[in-house]
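Notes for the one structure printed next.
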Amino acid sequence: MKIEKSLLPEIYSQIFDSLADVVFMINIEGPDLYRFVDVNQAFLDITGLKHEEVVGRYVHETIPEHSLHLVLGKYKTAITEKRIVKWNEVTEYPTGRKYGEVTVVPIFDKKGNATSLVGSVHDVTPIREAEIHLAKTMERINDGIVSFDTKFNYTYVNSSGASYLGKKPEELIGKNYFDLYPEAAATPFANAYKTALKTQKPIEFRALYEPWNKWFENRIYPSVDGVTVFFLDITEEVERENELAHARKEAESAVVAKSQFLDIAAHELRNPVASLYLMLQVMDRQIQEGKTIEPERISELLLPATRLNRLVSDLLNLSRLEKNLLSMHFEVFDLNELLDRWTNEMKHVFPSRDISFIRLRHKVECDMDKVRIYQVFTNILENAIKYSHGSIRVKLEDAESIARFIVTDEGEGISEEMQKKIFDPFSRGGVDIKVRHTGLGLGLPLADRIVTLHSGKIIVKSEVGKGSTFIVELPKVQHEKNLSR
Ligand code: ADP
């Protein structure tokens with residue numbers, strides 16, 4: 001068959017060639033027998049073929065083998081169903097990979113027989129490449145990305161998003177969010193999706209997804225078709241932030257406690273030092289004036305000196321305690337006897353106070369560091385004296401392997417909040433307490449440490465305004481072999 005260079009009049013031929021889309025005309029010569037009768041310049045540019053390599057040749061001679069089956073099938077559909085057929089194709093041309101939207105229109109003669117086909121290919125390569133690039137980018141980012149339609153059916157899920165949800169993207173797409181995760185309905189996440197969709201305004205927030213006990217950062221972008229959500233598991237980050245905030249708070253309160261301690265320590269140390277200094281000045285003057293100093297005057301020096309000695313030794317013990325250097329010297333003694341003697345001494349020292357102790361009828365033999373246990377009892381009883389005005393009851397309970405030393409006062413009591421702190425070094429009752437009571441806030445922390453080194457414990461029961469009971473529970477015999485003796 002002889003084919004003209006172009007079947008179209010010159011003017012149409014020019015338009016035909018100036019089109020950016022590929023256009024071709026095919027004659028139908030029999031079943032699956034199609035011949036190119038005209039193609040435009042765009043066709044030649046894209047395929048890299050010459051006019052004579054296409055026009056006049058059969059389709060099956062021209063187009064690549066692998067796409068032939070698809071193409072012939074579409075032509076057949078257009079002819080038999082007498083309609084326009086469209087499809088997408090990807091073709092490797094000498095000019096590179098091209099994505100095209102192909103349209104084929106069947107042409108019929110007056111008898112209704114299909115005589116030819118007019119085809120066009122719209123090049124969508126830049127759009128498709130951008131889409132592919134975007135999809136690849138979305139797969140690469142760690143954010144989970146999901147898109148919902150307006151009914152909250154999944155329309156897109158990237159692989160990170162699917163793995164956060166413990167599923168494959170294909171298991172989610174088309175499914176409804178609220179059907180799959182009914183527990184999500186009551187969370188801030190579902191509310192935010194709905195709000196974003198309703199208001200058409202993006203929302204960003206971070207929240208705990210309670211059903212999974214995980215924190216997520218969410219960025220929600222609405223459109224009229226639905227919402228797209230970018231989400232990231234930030235649980236570790238939030239936990240780290242919380243730990244940091246906690247550490248910061250602790251450091252701050254340690255700084256406050258230390259500066260309070262310095263205030264108190266300065267105040268506490270100044271008093272006995274000032275007394276000693278004054279008394280010694282007076283004595284010095286008396287000596288210079290040739291006067292004799294009465295022995296009672298010398299004894300008076302002992303009081304502030306003892307206080308100083310006590311404060312310094314508390315500080316020293318605390319520093320040893322913090323370095324784990326507080327050594328123990330265990331010995332066997334009768335605790336009942338010790339307490340009886342000791343309470344009598346205390347009654348002498350504080351004659352105005354009503355201190356009672358009922359001695360048990362039997363020996364309570366204990367294996368403890370006598371000196372340090374004495375220090376513990378003294379601290380607790382002195383506190384009872386310091387922080388109360390009423391009577392004080394001291395008790396010893398002998399319960400098989402355990403000895404309990406109990407001191408009950410009718411004093412100001414200790415609030416629950418303060419009870420948690422009194423064993424921390426430097427913590428003292430109300431800030432103004434230093435005005436009323438002396439002390440460094442070290443007695444109980446030291447006592448607690450000593451008791452712990454005896455495998456025992458101190459229990460506090462107290463009610464503000466009613467009084468306090470301190471119970472020191474100690475095993476009578478130490479089984480630990482690693483305790484120093
Ligand atoms: P200090 O008595 O030197 O302040 P402690 O460590 O012995 O230090 O006691 C810590 C704090 O515990 C005290 O400042 C006081 O607020 C509280 N406290 C201890 N014992 C009693 C008690 N029997 N009654 C009321 N408060 C007490």
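Ligands are numbered from 1 in the order shown, chains are lettered A, B, ... in the order of the structure tokens, and residues start at 1 in each chain.
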Determine, counting only C-alpha atoms, which protein, DNA and RNA residues have an atom within 12 Å of an atom of region 28-39 of chain A; residues of the same chain fewer than 6 positions away are not included. Present the result as a PyMOL selection string. chain A and resi 1-8+13+16-19+21-22+45-47+49-63+68-80+106-109+113-121
### Message
9 Å from ligand 1 is the threshold here; counting only C-alpha atoms and all ligand atoms, which polymer residues fall inside it? Answer as an MDAnalysis selection string.
### Response
chainID A and resid 379:388 407:415 418:419 421:430 433:434 437:447 462 464 467:470
Spatial neighbours of region 362-368 of chain A, max dist 7 Å, only C-alpha atoms, sep filter under 4 positions, as a list in words = Phe330, Glu331, Val332, Phe333, Asp334, Leu335, Asn336, Asp398, Lys476, Val477 and Gln478 of chain A
Pull N, CA, C and O atoms from the residues just selected and write them as a CSV table (one decimal), in the first residue's frame.
chain,number,residue,atom,x,y,z
A,330,PHE,N,31.6,-3.9,116.9
A,330,PHE,CA,30.5,-4.6,117.6
A,330,PHE,C,31.0,-5.2,118.9
A,330,PHE,O,32.2,-5.7,119.0
A,331,GLU,N,30.1,-5.3,119.8
A,331,GLU,CA,30.4,-5.9,121.1
A,331,GLU,C,29.1,-6.4,121.7
A,331,GLU,O,28.0,-5.9,121.4
A,332,VAL,N,29.2,-7.4,122.6
A,332,VAL,CA,28.0,-8.0,123.2
A,332,VAL,C,27.7,-7.2,124.5
A,332,VAL,O,28.6,-7.1,125.3
A,333,PHE,N,26.5,-6.7,124.7
A,333,PHE,CA,26.2,-6.0,126.0
A,333,PHE,C,24.7,-6.2,126.2
A,333,PHE,O,23.9,-6.7,125.3
A,334,ASP,N,24.2,-5.8,127.4
A,334,ASP,CA,22.8,-5.9,127.8
A,334,ASP,C,22.1,-4.5,127.5
A,334,ASP,O,22.4,-3.5,128.2
A,335,LEU,N,21.3,-4.5,126.5
A,335,LEU,CA,20.7,-3.3,126.0
A,335,LEU,C,19.7,-2.7,127.1
A,335,LEU,O,19.6,-1.5,127.3
A,336,ASN,N,19.1,-3.6,127.8
A,336,ASN,CA,18.2,-3.2,128.9
A,336,ASN,C,18.9,-2.4,129.9
A,336,ASN,O,18.5,-1.3,130.3
A,398,ASP,N,11.4,-6.5,123.6
A,398,ASP,CA,12.3,-7.7,123.2
A,398,ASP,C,11.5,-8.7,122.5
A,398,ASP,O,10.7,-9.4,123.1
A,476,LYS,N,19.1,-8.4,117.2
A,476,LYS,CA,20.0,-8.4,118.4
A,476,LYS,C,21.4,-8.9,118.0
A,476,LYS,O,22.3,-8.5,118.6
A,477,VAL,N,21.4,-9.9,117.1
A,477,VAL,CA,22.7,-10.4,116.7
A,477,VAL,C,22.9,-10.2,115.2
A,477,VAL,O,22.0,-10.4,114.4
A,478,GLN,N,24.1,-9.8,114.9
A,478,GLN,CA,24.5,-9.5,113.5
A,478,GLN,C,24.9,-10.8,112.8
A,478,GLN,O,25.8,-11.5,113.3
